[in-house]
$ cat run.cif   # mmCIF, C-alpha atoms and all ligand atoms
data_work
loop_
_atom_site.group_PDB
_atom_site.id
_atom_site.type_symbol
_atom_site.label_atom_id
_atom_site.label_comp_id
_atom_site.auth_asym_id
_atom_site.auth_seq_id
_atom_site.Cartn_x
_atom_site.Cartn_y
_atom_site.Cartn_z
ATOM 1 C CA MET H 1 89.334 79.008 99.760
ATOM 2 C CA PHE H 2 88.722 79.802 96.141
ATOM 3 C CA ASP H 3 90.226 81.155 92.953
ATOM 4 C CA SER H 4 89.099 81.394 89.352
ATOM 5 C CA GLY H 5 91.265 78.364 88.581
ATOM 6 C CA PHE H 6 94.715 77.107 89.431
ATOM 7 C CA GLY H 7 96.311 80.312 90.742
ATOM 8 C CA GLY H 8 95.022 79.953 94.283
ATOM 9 C CA LEU H 9 96.943 76.679 94.499
ATOM 10 C CA THR H 10 100.018 78.823 95.257
ATOM 11 C CA VAL H 11 98.198 80.005 98.392
ATOM 12 C CA ALA H 12 96.902 76.481 99.107
ATOM 13 C CA ARG H 13 100.474 75.167 98.996
ATOM 14 C CA ALA H 14 101.583 77.754 101.566
ATOM 15 C CA LEU H 15 98.588 76.952 103.818
ATOM 16 C CA LEU H 16 99.174 73.199 103.644
ATOM 17 C CA ASP H 17 102.846 73.655 104.500
ATOM 18 C CA LEU H 18 102.159 75.995 107.406
ATOM 19 C CA MET H 19 99.052 74.266 108.805
ATOM 20 C CA PRO H 20 99.018 70.597 107.737
ATOM 21 C CA ASP H 21 96.356 69.726 110.311
ATOM 22 C CA GLU H 22 93.731 72.118 108.998
ATOM 23 C CA ASP H 23 90.920 70.813 106.803
ATOM 24 C CA LEU H 24 90.890 72.621 103.483
ATOM 25 C CA VAL H 25 88.335 72.946 100.689
ATOM 26 C CA TYR H 26 89.640 74.529 97.483
ATOM 27 C CA VAL H 27 87.242 75.694 94.783
ATOM 28 C CA GLY H 28 88.783 76.387 91.372
ATOM 29 C CA ASP H 29 86.129 78.118 89.288
ATOM 30 C CA THR H 30 87.645 76.915 86.015
ATOM 31 C CA GLY H 31 84.201 76.800 84.386
ATOM 32 C CA ARG H 32 84.120 80.624 84.535
ATOM 33 C CA TYR H 33 87.811 81.564 84.437
ATOM 34 C CA PRO H 34 89.397 83.958 83.639
ATOM 35 C CA TYR H 35 88.080 86.546 86.079
ATOM 36 C CA GLY H 36 90.644 89.188 85.102
ATOM 37 C CA PRO H 37 88.941 90.621 82.003
ATOM 38 C CA ARG H 38 85.403 90.518 83.478
ATOM 39 C CA ASP H 39 83.470 93.379 85.027
ATOM 40 C CA LEU H 40 84.211 93.590 88.745
ATOM 41 C CA SER H 41 80.457 93.441 89.437
ATOM 42 C CA GLU H 42 80.258 90.048 87.747
ATOM 43 C CA VAL H 43 83.319 88.764 89.646
ATOM 44 C CA ARG H 44 81.657 89.974 92.858
ATOM 45 C CA GLU H 45 78.585 87.823 92.074
ATOM 46 C CA PHE H 46 80.801 84.787 91.531
ATOM 47 C CA ALA H 47 82.682 85.421 94.784
ATOM 48 C CA LEU H 48 79.424 85.705 96.740
ATOM 49 C CA GLU H 49 78.100 82.519 95.183
ATOM 50 C CA ILE H 50 81.247 80.507 95.951
ATOM 51 C CA THR H 51 81.367 81.834 99.516
ATOM 52 C CA GLN H 52 77.748 80.749 100.039
ATOM 53 C CA HIS H 53 78.666 77.313 98.726
ATOM 54 C CA LEU H 54 81.613 77.046 101.148
ATOM 55 C CA LEU H 55 79.443 78.075 104.086
ATOM 56 C CA GLN H 56 76.394 75.972 103.269
ATOM 57 C CA ASN H 57 78.000 72.813 101.957
ATOM 58 C CA HIS H 58 81.257 72.733 103.881
ATOM 59 C CA ASP H 59 80.500 74.674 107.058
ATOM 60 C CA VAL H 60 83.850 76.493 106.821
ATOM 61 C CA LYS H 61 85.216 78.515 109.749
ATOM 62 C CA MET H 62 87.081 80.964 107.493
ATOM 63 C CA VAL H 63 87.115 81.891 103.794
ATOM 64 C CA VAL H 64 90.345 82.754 101.965
ATOM 65 C CA VAL H 65 89.812 84.644 98.720
ATOM 66 C CA ALA H 66 92.913 83.268 96.992
ATOM 67 C CA CYS H 67 92.443 85.474 93.963
ATOM 68 C CA ASN H 68 93.487 89.096 93.624
ATOM 69 C CA THR H 69 90.754 89.931 91.142
ATOM 70 C CA ALA H 70 88.038 88.530 93.421
ATOM 71 C CA SER H 71 89.637 90.216 96.443
ATOM 72 C CA ALA H 72 89.623 93.539 94.574
ATOM 73 C CA ALA H 73 86.007 93.035 93.518
ATOM 74 C CA ALA H 74 84.386 91.571 96.606
ATOM 75 C CA LEU H 75 86.480 91.441 99.764
ATOM 76 C CA GLU H 76 84.834 94.350 101.552
ATOM 77 C CA GLU H 77 81.338 93.116 100.809
ATOM 78 C CA LEU H 78 82.196 89.546 101.771
ATOM 79 C CA GLN H 79 83.658 90.731 105.064
ATOM 80 C CA ARG H 80 80.513 92.720 105.739
ATOM 81 C CA ILE H 81 77.973 89.971 105.083
ATOM 82 C CA THR H 82 79.742 86.693 105.884
ATOM 83 C CA PRO H 83 79.343 85.257 109.379
ATOM 84 C CA VAL H 84 82.922 83.874 109.444
ATOM 85 C CA PRO H 85 86.196 85.775 108.886
ATOM 86 C CA VAL H 86 87.098 86.395 105.227
ATOM 87 C CA ILE H 87 90.667 87.156 104.219
ATOM 88 C CA GLY H 88 91.987 88.269 100.839
ATOM 89 C CA VAL H 89 95.453 88.355 99.308
ATOM 90 C CA ILE H 90 95.865 92.065 98.545
ATOM 91 C CA GLU H 91 96.646 93.480 101.966
ATOM 92 C CA PRO H 92 99.092 90.707 103.000
ATOM 93 C CA GLY H 93 100.791 91.026 99.596
ATOM 94 C CA ALA H 94 101.137 94.802 99.845
ATOM 95 C CA ALA H 95 102.653 94.485 103.326
ATOM 96 C CA ALA H 96 105.168 91.887 102.102
ATOM 97 C CA LEU H 97 106.099 94.120 99.156
ATOM 98 C CA LEU H 98 106.858 97.062 101.418
ATOM 99 C CA ASP H 99 108.959 94.839 103.671
ATOM 100 C CA ALA H 100 111.039 93.810 100.666
ATOM 101 C CA THR H 101 111.928 97.172 99.123
ATOM 102 C CA ARG H 102 115.143 99.031 99.860
ATOM 103 C CA ASN H 103 115.022 101.833 97.278
ATOM 104 C CA ARG H 104 111.288 102.512 97.881
ATOM 105 C CA ARG H 105 110.458 102.047 94.208
ATOM 106 C CA VAL H 106 108.124 99.065 93.847
ATOM 107 C CA GLY H 107 105.917 97.457 91.223
ATOM 108 C CA VAL H 108 102.716 95.432 91.160
ATOM 109 C CA ILE H 109 101.489 93.312 88.272
ATOM 110 C CA GLY H 110 98.029 91.777 88.065
ATOM 111 C CA THR H 111 95.013 91.213 85.883
ATOM 112 C CA VAL H 112 93.246 94.081 84.127
ATOM 113 C CA GLY H 113 90.501 93.882 86.790
ATOM 114 C CA THR H 114 92.884 94.035 89.733
ATOM 115 C CA ILE H 115 95.083 96.848 88.438
ATOM 116 C CA GLY H 116 92.091 98.819 87.137
ATOM 117 C CA SER H 117 90.318 98.558 90.511
ATOM 118 C CA GLY H 118 93.036 100.606 92.229
ATOM 119 C CA ALA H 119 93.037 98.146 95.146
ATOM 120 C CA TYR H 120 96.838 97.851 95.266
ATOM 121 C CA GLN H 121 97.331 101.570 94.812
ATOM 122 C CA ARG H 122 95.104 102.106 97.881
ATOM 123 C CA ALA H 123 96.679 99.305 99.931
ATOM 124 C CA VAL H 124 100.230 100.566 99.323
ATOM 125 C CA ALA H 125 99.296 104.200 99.994
ATOM 126 C CA ALA H 126 97.585 103.167 103.244
ATOM 127 C CA HIS H 127 100.882 101.698 104.455
ATOM 128 C CA ASP H 128 103.237 104.359 103.167
ATOM 129 C CA ALA H 129 102.197 107.266 100.990
ATOM 130 C CA GLY H 130 105.840 108.057 100.081
ATOM 131 C CA ILE H 131 106.433 104.873 98.122
ATOM 132 C CA GLU H 132 106.831 105.153 94.345
ATOM 133 C CA LEU H 133 104.511 102.514 92.892
ATOM 134 C CA SER H 134 104.375 101.399 89.260
ATOM 135 C CA CYS H 135 101.554 99.074 88.204
ATOM 136 C CA ALA H 136 101.069 97.007 85.055
ATOM 137 C CA ALA H 137 98.228 94.772 83.926
ATOM 138 C CA CYS H 138 99.427 91.583 82.273
ATOM 139 C CA PRO H 139 96.597 90.213 80.111
ATOM 140 C CA GLY H 140 97.509 86.800 78.729
ATOM 141 C CA PHE H 141 99.680 85.567 81.624
ATOM 142 C CA VAL H 142 96.809 83.679 83.291
ATOM 143 C CA GLU H 143 95.919 81.853 80.081
ATOM 144 C CA PHE H 144 99.499 80.584 79.743
ATOM 145 C CA VAL H 145 99.397 79.206 83.302
ATOM 146 C CA GLU H 146 95.988 77.596 82.803
ATOM 147 C CA ARG H 147 97.447 75.807 79.774
ATOM 148 C CA GLY H 148 100.387 74.643 81.885
ATOM 149 C CA GLU H 149 102.699 76.665 79.637
ATOM 150 C CA THR H 150 104.909 78.486 82.144
ATOM 151 C CA ASP H 151 108.293 78.656 80.474
ATOM 152 C CA SER H 152 107.754 78.936 76.704
ATOM 153 C CA GLU H 153 109.297 81.330 74.200
ATOM 154 C CA GLN H 154 105.865 82.918 73.653
ATOM 155 C CA VAL H 155 105.268 83.728 77.305
ATOM 156 C CA HIS H 156 108.796 85.142 77.473
ATOM 157 C CA VAL H 157 108.120 87.466 74.544
ATOM 158 C CA LEU H 158 104.840 88.602 76.108
ATOM 159 C CA ALA H 159 106.565 89.211 79.462
ATOM 160 C CA GLU H 160 109.253 91.358 77.819
ATOM 161 C CA ARG H 161 106.593 93.569 76.290
ATOM 162 C CA LEU H 162 104.339 93.874 79.353
ATOM 163 C CA LEU H 163 107.093 94.329 81.919
ATOM 164 C CA ALA H 164 109.175 96.885 79.980
ATOM 165 C CA PRO H 165 107.695 99.915 81.833
ATOM 166 C CA LEU H 166 108.556 98.327 85.177
ATOM 167 C CA VAL H 167 112.138 97.624 84.110
ATOM 168 C CA ASP H 168 112.395 101.294 83.057
ATOM 169 C CA ALA H 169 110.955 102.454 86.407
ATOM 170 C CA GLY H 170 113.975 101.087 88.289
ATOM 171 C CA ILE H 171 111.952 99.164 90.873
ATOM 172 C CA ASP H 172 113.788 96.834 93.254
ATOM 173 C CA SER H 173 110.763 94.724 94.293
ATOM 174 C CA LEU H 174 107.854 93.401 92.263
ATOM 175 C CA LEU H 175 104.669 91.964 93.719
ATOM 176 C CA LEU H 176 103.074 89.183 91.719
ATOM 177 C CA GLY H 177 99.569 90.536 92.268
ATOM 178 C CA CYS H 178 97.792 87.599 90.674
ATOM 179 C CA THR H 179 97.920 84.209 92.309
ATOM 180 C CA HIS H 180 98.676 82.595 88.950
ATOM 181 C CA TYR H 181 101.892 84.530 88.412
ATOM 182 C CA PRO H 182 104.210 82.669 90.831
ATOM 183 C CA PHE H 183 104.070 79.836 88.282
ATOM 184 C CA LEU H 184 105.711 82.261 85.821
ATOM 185 C CA ALA H 185 108.353 83.418 88.309
ATOM 186 C CA ARG H 186 111.325 82.187 86.301
ATOM 187 C CA THR H 187 110.213 83.991 83.154
ATOM 188 C CA ILE H 188 109.329 87.173 85.061
ATOM 189 C CA SER H 189 112.658 87.126 86.876
ATOM 190 C CA ASP H 190 114.582 86.616 83.607
ATOM 191 C CA VAL H 191 112.931 89.734 82.217
ATOM 192 C CA MET H 192 113.140 91.914 85.353
ATOM 193 C CA GLY H 193 116.737 90.947 86.168
ATOM 194 C CA ARG H 194 118.058 88.991 89.135
ATOM 195 C CA ASP H 195 118.347 92.088 91.342
ATOM 196 C CA VAL H 196 114.607 92.642 91.430
ATOM 197 C CA VAL H 197 113.027 90.729 94.321
ATOM 198 C CA LEU H 198 109.818 88.932 93.347
ATOM 199 C CA VAL H 199 107.259 88.963 96.135
ATOM 200 C CA ASP H 200 104.169 86.799 96.141
ATOM 201 C CA SER H 201 101.273 86.938 98.540
ATOM 202 C CA ALA H 202 101.025 83.202 99.259
ATOM 203 C CA ASP H 203 103.261 82.985 102.335
ATOM 204 C CA ALA H 204 102.132 86.345 103.721
ATOM 205 C CA THR H 205 98.485 85.277 103.352
ATOM 206 C CA ALA H 206 99.124 81.892 104.975
ATOM 207 C CA PHE H 207 100.801 83.568 107.980
ATOM 208 C CA ARG H 208 97.869 85.989 108.253
ATOM 209 C CA VAL H 209 95.389 83.058 108.214
ATOM 210 C CA SER H 210 97.346 81.220 110.879
ATOM 211 C CA ASP H 211 97.554 84.338 113.098
ATOM 212 C CA MET H 212 93.812 84.945 112.765
ATOM 213 C CA LEU H 213 92.922 81.333 113.583
ATOM 214 C CA ARG H 214 95.286 81.344 116.560
ATOM 215 C CA ASP H 215 93.868 84.635 117.863
ATOM 216 C CA ALA H 216 90.332 83.254 117.552
ATOM 217 C CA ASP H 217 91.467 80.048 119.250
ATOM 218 C CA SER H 218 90.196 78.054 116.266
ATOM 219 C CA LEU H 219 93.323 76.336 115.000
ATOM 220 C CA ARG H 220 92.533 72.658 114.534
ATOM 221 C CA ASP H 221 94.288 70.411 116.977
ATOM 222 C CA GLY H 222 95.779 67.579 114.879
ATOM 223 C CA GLY H 223 94.543 64.857 117.232
ATOM 224 C CA ASP H 224 94.249 61.479 115.585
ATOM 225 C CA ARG H 225 94.239 62.613 111.956
ATOM 226 C CA ARG H 226 95.896 65.087 109.608
ATOM 227 C CA GLY H 227 93.876 67.700 107.753
ATOM 228 C CA VAL H 228 91.563 66.553 104.971
ATOM 229 C CA HIS H 229 92.065 68.388 101.664
ATOM 230 C CA ARG H 230 89.241 68.611 99.155
ATOM 231 C CA PHE H 231 89.420 70.097 95.695
ATOM 232 C CA GLU H 232 86.451 71.122 93.579
ATOM 233 C CA SER H 233 86.277 72.474 90.058
ATOM 234 C CA SER H 234 83.446 73.955 88.041
ATOM 235 C CA GLY H 235 85.231 73.015 84.796
ATOM 236 C CA ASP H 236 86.807 69.826 83.493
ATOM 237 C CA VAL H 237 87.692 67.874 86.648
ATOM 238 C CA GLU H 238 90.167 65.530 84.950
ATOM 239 C CA ALA H 239 92.070 68.466 83.488
ATOM 240 C CA PHE H 240 91.985 70.142 86.891
ATOM 241 C CA ARG H 241 93.364 67.047 88.553
ATOM 242 C CA ALA H 242 96.182 66.580 86.039
ATOM 243 C CA LEU H 243 97.459 70.153 85.969
ATOM 244 C CA GLY H 244 96.570 70.916 89.584
ATOM 245 C CA ARG H 245 98.570 67.960 90.843
ATOM 246 C CA GLN H 246 101.533 69.072 88.778
ATOM 247 C CA LEU H 247 101.280 72.596 90.226
ATOM 248 C CA LEU H 248 100.351 71.832 93.866
ATOM 249 C CA GLY H 249 101.732 68.364 94.532
ATOM 250 C CA PRO H 250 100.403 64.967 95.623
ATOM 251 C CA GLU H 251 97.833 66.344 98.094
ATOM 252 C CA LEU H 252 95.671 67.118 95.087
ATOM 253 C CA ASP H 253 94.299 63.678 94.522
ATOM 254 C CA GLU H 254 90.598 63.671 93.820
ATOM 255 C CA VAL H 255 88.658 66.519 92.247
ATOM 256 C CA THR H 256 84.885 66.852 92.635
ATOM 257 C CA ALA H 257 82.715 68.560 90.022
ATOM 258 C CA ILE H 258 80.569 71.489 91.110
ATOM 259 C CA SER H 259 78.170 73.601 89.093
ATOM 260 C CA TRP H 260 76.430 76.913 89.592
ATOM 261 C CA PRO H 261 72.697 76.956 88.941
ATOM 262 C CA ASP H 262 72.213 80.239 87.075
ATOM 263 C CA SER H 263 75.637 81.335 85.928
ATOM 264 C CA ALA H 264 76.931 82.537 82.618
ATOM 265 C CA THR H 265 79.960 80.491 81.666
ATOM 266 C CA SER H 266 81.532 82.730 79.082
HETATM 267 N N1 LIG H 301 94.351 84.238 89.879
HETATM 268 C C1 LIG H 301 93.510 85.350 89.783
HETATM 269 C C2 LIG H 301 94.071 86.576 90.473
HETATM 270 O O1 LIG H 301 94.806 86.441 91.432
HETATM 271 C C3 LIG H 301 92.883 85.744 88.485
HETATM 272 C C4 LIG H 301 93.072 84.965 87.290
HETATM 273 C C5 LIG H 301 91.939 85.205 86.309
HETATM 274 O O2 LIG H 301 92.006 86.111 85.475
HETATM 275 O O3 LIG H 301 90.999 84.450 86.413
HETATM 276 O O4 LIG H 301 93.766 87.682 90.081
#
$ encode --input "run.cif" --output "structure tokens" --more "lines below"
Ligand code: DGL
Amino acid sequence: MFDSGFGGLTVARALLDLMPDEDLVYVGDTGRYPYGPRDLSEVREFALEITQHLLQNHDVKMVVVACNTASAAALEELQRITPVPVIGVIEPGAAALLDATRNRRVGVIGTVGTIGSGAYQRAVAAHDAGIELSCAACPGFVEFVERGETDSEQVHVLAERLLAPLVDAGIDSLLLGCTHYPFLARTISDVMGRDVVLVDSADATAFRVSDMLRDADSLRDGGDRRGVHRFESSGDVEAFRALGRQLLGPELDEVTAISWPDSATS
């Protein structure tokens, strides 16, 4: 699985809890984060490169794109060209959002890339065209998470400004359409009000992965050992280990450095 940085750890946590016997390789592309403000074509290149790395160097049986921006940019192409199943977070998240709503007014927040791509608008409409959907891009949220600053006065002020249109829209359910945002759940909930249900795609994606592996008869049988969990970062590995461990838990122990031969890093 991969993400631009730490956000996909929310999905990793759900996968580890649901399927502790599976071997997992997590790539956090912190050397090139954030993906959100980049052109989708550039994010697509990164997603293809990381998927190649997972296939060639780790012989994975499935790829989880644990990043909404990368899912919006590259999922269809990855599914077309990759010899193993590839699953993203957008469709499972949209399904979970529609399960949660009662008043049929829902919201999605995400990066500029994700919201601008229209991927959520299409996914929600494909399920139920009668739903009233309000979307908002939240530039800046990811940077707060990557700094480990999830509950500060500054992020609260930013959230009040960015989420105001969604409060006004009277939604009853809000999808955190960026895998980094669950780390800001308390702040987002304070601003939206306790009656608004916050939905994240981590659990829904983990259940989808487990169903697909079971259907393909490729769930790993625990046998004599538990799953092995590897973490790789294209940025500062010590920083990744320190913050990642705080966000994911003790399974994140060692972090290996990876680099991309020809990539821009800014
Ligand atoms: N966590 C990623 C997502 O779900 C993107 C964060 C970024 O901008 O890199 O969209």
$ residues_near_ligand --input "run.cif" --ligand "ligand LIG 301 (chain H)" --cutoff "7 Å" --atoms "all atoms listed in the file" --output "list of chain:residue names"
H:Asp3, H:Ser4, H:Gly5, H:Gly7, H:Gly8, H:Tyr33, H:Pro34, H:Tyr35, H:Gly36, H:Pro37, H:Ala66, H:Cys67, H:Asn68, H:Thr69, H:Ala70, H:Gly110, H:Thr111, H:Thr114, H:Val142, H:Gly177, H:Cys178, H:Thr179, H:His180
$ write_last_selection --input "run.cif" --atoms "C-alpha atoms" --output "mmCIF file, keeping the file's coordinate frame"
data_model
loop_
_atom_site.group_PDB
_atom_site.id
_atom_site.type_symbol
_atom_site.label_atom_id
_atom_site.label_comp_id
_atom_site.auth_asym_id
_atom_site.auth_seq_id
_atom_site.Cartn_x
_atom_site.Cartn_y
_atom_site.Cartn_z
ATOM 1 C CA ASP H 3 90.226 81.155 92.953
ATOM 2 C CA SER H 4 89.099 81.394 89.352
ATOM 3 C CA GLY H 5 91.265 78.364 88.581
ATOM 4 C CA GLY H 7 96.311 80.312 90.742
ATOM 5 C CA GLY H 8 95.022 79.953 94.283
ATOM 6 C CA TYR H 33 87.811 81.564 84.437
ATOM 7 C CA PRO H 34 89.397 83.958 83.639
ATOM 8 C CA TYR H 35 88.080 86.546 86.079
ATOM 9 C CA GLY H 36 90.644 89.188 85.102
ATOM 10 C CA PRO H 37 88.941 90.621 82.003
ATOM 11 C CA ALA H 66 92.913 83.268 96.992
ATOM 12 C CA CYS H 67 92.443 85.474 93.963
ATOM 13 C CA ASN H 68 93.487 89.096 93.624
ATOM 14 C CA THR H 69 90.754 89.931 91.142
ATOM 15 C CA ALA H 70 88.038 88.530 93.421
ATOM 16 C CA GLY H 110 98.029 91.777 88.065
ATOM 17 C CA THR H 111 95.013 91.213 85.883
ATOM 18 C CA THR H 114 92.884 94.035 89.733
ATOM 19 C CA VAL H 142 96.809 83.679 83.291
ATOM 20 C CA GLY H 177 99.569 90.536 92.268
ATOM 21 C CA CYS H 178 97.792 87.599 90.674
ATOM 22 C CA THR H 179 97.920 84.209 92.309
ATOM 23 C CA HIS H 180 98.676 82.595 88.950
#
$ resolve_selection --input "run.cif" --expression "the PyMOL selection byres (((chain H and resi 127-137) around 10) and not hetatm)" --output "ChimeraX atom specification"
/H:36,91,94-95,98,101,103-116,118,120-126,138-141,162-166,169-171,174-175,177-178
$ residues_around --input "run.cif" --residues "Leu24 of chain H" --least-positions-apart "4" --cutoff "9 Å" --atoms "only C-alpha atoms" --output "list in words"
Met1, Ala12, Leu15, Leu16, Val60, Gly227, Val228, His229, Arg230 and Phe231 of chain H
$ closest_residue --input "run.cif" --among "H:Met212, H:Met19, H:Leu184, H:Ala202" --to "Val86 of chain H" --atoms "all atoms listed in the file"
H:Met212
$ closest_residue --input "run.cif" --among "H:Leu176, H:Val11, H:Val27, H:Val191" --to "Leu248 of chain H" --atoms "all atoms listed in the file"
H:Val11
$ resolve_selection --input "run.cif" --expression "the PyMOL selection byres (((chain H and resi 255) around 8) and not hetatm)" --output "number ranges by chain"
H: 230-233, 237-238, 240-241, 252-254, 256-257
$ atom_distance --input "run.cif" --atom1 "atom CA of Arg161 of chain H" --atom2 "atom CA of Leu40 of chain H"
25.6 Å
$ atom_distance --input "run.cif" --atom1 "atom CA of Ile258 of chain H" --atom2 "atom CA of Gly235 of chain H"
8.0 Å
$ atom_distance --input "run.cif" --atom1 "atom CA of Ala239 of chain H" --atom2 "atom CA of Leu55 of chain H"
26.0 Å
$ closest_residue --input "run.cif" --among "H:Asp168, H:Pro20, H:Ala73, H:Val155" --to "Gly223 of chain H" --atoms "all atoms listed in the file"
H:Pro20
$ closest_residue --input "run.cif" --among "H:Ala74, H:Ala47, H:Ala216, H:Val157" --to "Ile90 of chain H" --atoms "all atoms listed in the file"
H:Ala74
$ build_atoms --input "run.cif" --residues "segment 182-196 of chain H" --atoms "N, CA, C and O atoms" --output "PDB file, in the frame of the given file"
ATOM      1  N   PRO H 182     103.030  83.374  90.315  1.00  0.00           N
ATOM      2  CA  PRO H 182     104.210  82.669  90.831  1.00  0.00           C
ATOM      3  C   PRO H 182     104.637  81.496  89.933  1.00  0.00           C
ATOM      4  O   PRO H 182     105.822  81.148  89.890  1.00  0.00           O
ATOM      5  N   PHE H 183     103.685  80.923  89.188  1.00  0.00           N
ATOM      6  CA  PHE H 183     104.070  79.836  88.282  1.00  0.00           C
ATOM      7  C   PHE H 183     104.913  80.353  87.106  1.00  0.00           C
ATOM      8  O   PHE H 183     105.529  79.572  86.391  1.00  0.00           O
ATOM      9  N   LEU H 184     104.914  81.664  86.898  1.00  0.00           N
ATOM     10  CA  LEU H 184     105.711  82.261  85.821  1.00  0.00           C
ATOM     11  C   LEU H 184     106.962  82.953  86.375  1.00  0.00           C
ATOM     12  O   LEU H 184     107.593  83.752  85.684  1.00  0.00           O
ATOM     13  N   ALA H 185     107.291  82.645  87.628  1.00  0.00           N
ATOM     14  CA  ALA H 185     108.353  83.418  88.309  1.00  0.00           C
ATOM     15  C   ALA H 185     109.673  83.397  87.546  1.00  0.00           C
ATOM     16  O   ALA H 185     110.361  84.416  87.460  1.00  0.00           O
ATOM     17  N   ARG H 186     110.019  82.246  86.976  1.00  0.00           N
ATOM     18  CA  ARG H 186     111.325  82.187  86.301  1.00  0.00           C
ATOM     19  C   ARG H 186     111.355  83.138  85.104  1.00  0.00           C
ATOM     20  O   ARG H 186     112.302  83.900  84.918  1.00  0.00           O
ATOM     21  N   THR H 187     110.288  83.112  84.327  1.00  0.00           N
ATOM     22  CA  THR H 187     110.213  83.991  83.154  1.00  0.00           C
ATOM     23  C   THR H 187     110.218  85.459  83.582  1.00  0.00           C
ATOM     24  O   THR H 187     110.939  86.292  83.015  1.00  0.00           O
ATOM     25  N   ILE H 188     109.425  85.777  84.609  1.00  0.00           N
ATOM     26  CA  ILE H 188     109.329  87.173  85.061  1.00  0.00           C
ATOM     27  C   ILE H 188     110.682  87.637  85.597  1.00  0.00           C
ATOM     28  O   ILE H 188     111.149  88.745  85.308  1.00  0.00           O
ATOM     29  N   SER H 189     111.360  86.763  86.318  1.00  0.00           N
ATOM     30  CA  SER H 189     112.658  87.126  86.876  1.00  0.00           C
ATOM     31  C   SER H 189     113.701  87.303  85.771  1.00  0.00           C
ATOM     32  O   SER H 189     114.544  88.211  85.832  1.00  0.00           O
ATOM     33  N   ASP H 190     113.650  86.463  84.744  1.00  0.00           N
ATOM     34  CA  ASP H 190     114.582  86.616  83.607  1.00  0.00           C
ATOM     35  C   ASP H 190     114.425  87.993  82.989  1.00  0.00           C
ATOM     36  O   ASP H 190     115.398  88.635  82.619  1.00  0.00           O
ATOM     37  N   VAL H 191     113.183  88.444  82.869  1.00  0.00           N
ATOM     38  CA  VAL H 191     112.931  89.734  82.217  1.00  0.00           C
ATOM     39  C   VAL H 191     113.276  90.903  83.148  1.00  0.00           C
ATOM     40  O   VAL H 191     113.890  91.888  82.729  1.00  0.00           O
ATOM     41  N   MET H 192     112.928  90.790  84.419  1.00  0.00           N
ATOM     42  CA  MET H 192     113.140  91.914  85.353  1.00  0.00           C
ATOM     43  C   MET H 192     114.603  92.041  85.766  1.00  0.00           C
ATOM     44  O   MET H 192     115.058  93.118  86.164  1.00  0.00           O
ATOM     45  N   GLY H 193     115.343  90.924  85.696  1.00  0.00           N
ATOM     46  CA  GLY H 193     116.737  90.947  86.168  1.00  0.00           C
ATOM     47  C   GLY H 193     116.799  90.369  87.569  1.00  0.00           C
ATOM     48  O   GLY H 193     115.845  90.494  88.345  1.00  0.00           O
ATOM     49  N   ARG H 194     117.929  89.734  87.870  1.00  0.00           N
ATOM     50  CA  ARG H 194     118.058  88.991  89.135  1.00  0.00           C
ATOM     51  C   ARG H 194     118.050  89.901  90.357  1.00  0.00           C
ATOM     52  O   ARG H 194     117.830  89.447  91.475  1.00  0.00           O
ATOM     53  N   ASP H 195     118.299  91.201  90.175  1.00  0.00           N
ATOM     54  CA  ASP H 195     118.347  92.088  91.342  1.00  0.00           C
ATOM     55  C   ASP H 195     116.962  92.486  91.832  1.00  0.00           C
ATOM     56  O   ASP H 195     116.827  93.040  92.920  1.00  0.00           O
ATOM     57  N   VAL H 196     115.970  92.268  91.014  1.00  0.00           N
ATOM     58  CA  VAL H 196     114.607  92.642  91.430  1.00  0.00           C
ATOM     59  C   VAL H 196     113.999  91.478  92.220  1.00  0.00           C
ATOM     60  O   VAL H 196     113.915  90.353  91.728  1.00  0.00           O
TER      61      VAL H 196
END
